[in-house]
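Comments concern the structure below.
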Amino acid sequence: ITNGEVEGVETGQAVTWHAHVVTGTQDYAYEWAIRKEGDTDWSSVGEDSSSWVWTPGSGETGTYNVRCRVTDKKGGSGEVVWEDFEVSS
């Protein structure tokens, strides 16, 4: 996944994440999720799309991991995690 190599944003500032699939059989299903540092569970975000726009709100400052899991038409899957994305105020 990529976001244009942005390492962090301020609350209210949008960042667009993109997933680039290089193997597998089309069509693909995309699952986006975030996990705040210190949390154990992932929170589902976005839609079934190769890109996701996140505009963190004022209560979302902190360090996050962003995950995209992709499943192909034949059921093969993989995921990538972007670690330590910073949201500041």
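Residue numbering restarts at 1 in every chain; chains get A, B, ... in the order shown in the structure tokens, and ligands count up from 1 in that same order.
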Picked from chain A by DSSP as strand (DSSP E), as a PyMOL selection string: chain A and resi 8-10+15-18+29-36+43-45+51-54+62-71+77-88
Selection: 12 Å around range 5-19 of chain A, only C-alpha atoms, excl. self and same-chain fewer than 5 positions, as JSON, numbers by chain: {"A": [28, 29, 30, 31, 32, 33, 34, 45, 46, 47, 48, 49, 50, 51, 52, 53, 54, 55, 56, 57, 58, 59, 60, 61, 62, 63, 64, 65, 66, 67, 68, 69, 70, 71, 78, 79, 80, 81, 82, 83, 84, 85, 86, 87, 88, 89]}
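CA of Ile1 in chain A lies 17.7 Å from CA of Gln26 in chain A.
Residue nearest Asp72 in chain A, chosen from A:Asp27, A:Asp41, A:Arg35, A:Thr2 and counting only C-alpha atoms: A:Asp27.
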Atom pair CA of Val21 in chain A / CA of Lys74 in chain A: separation (Å): 14.3 Å
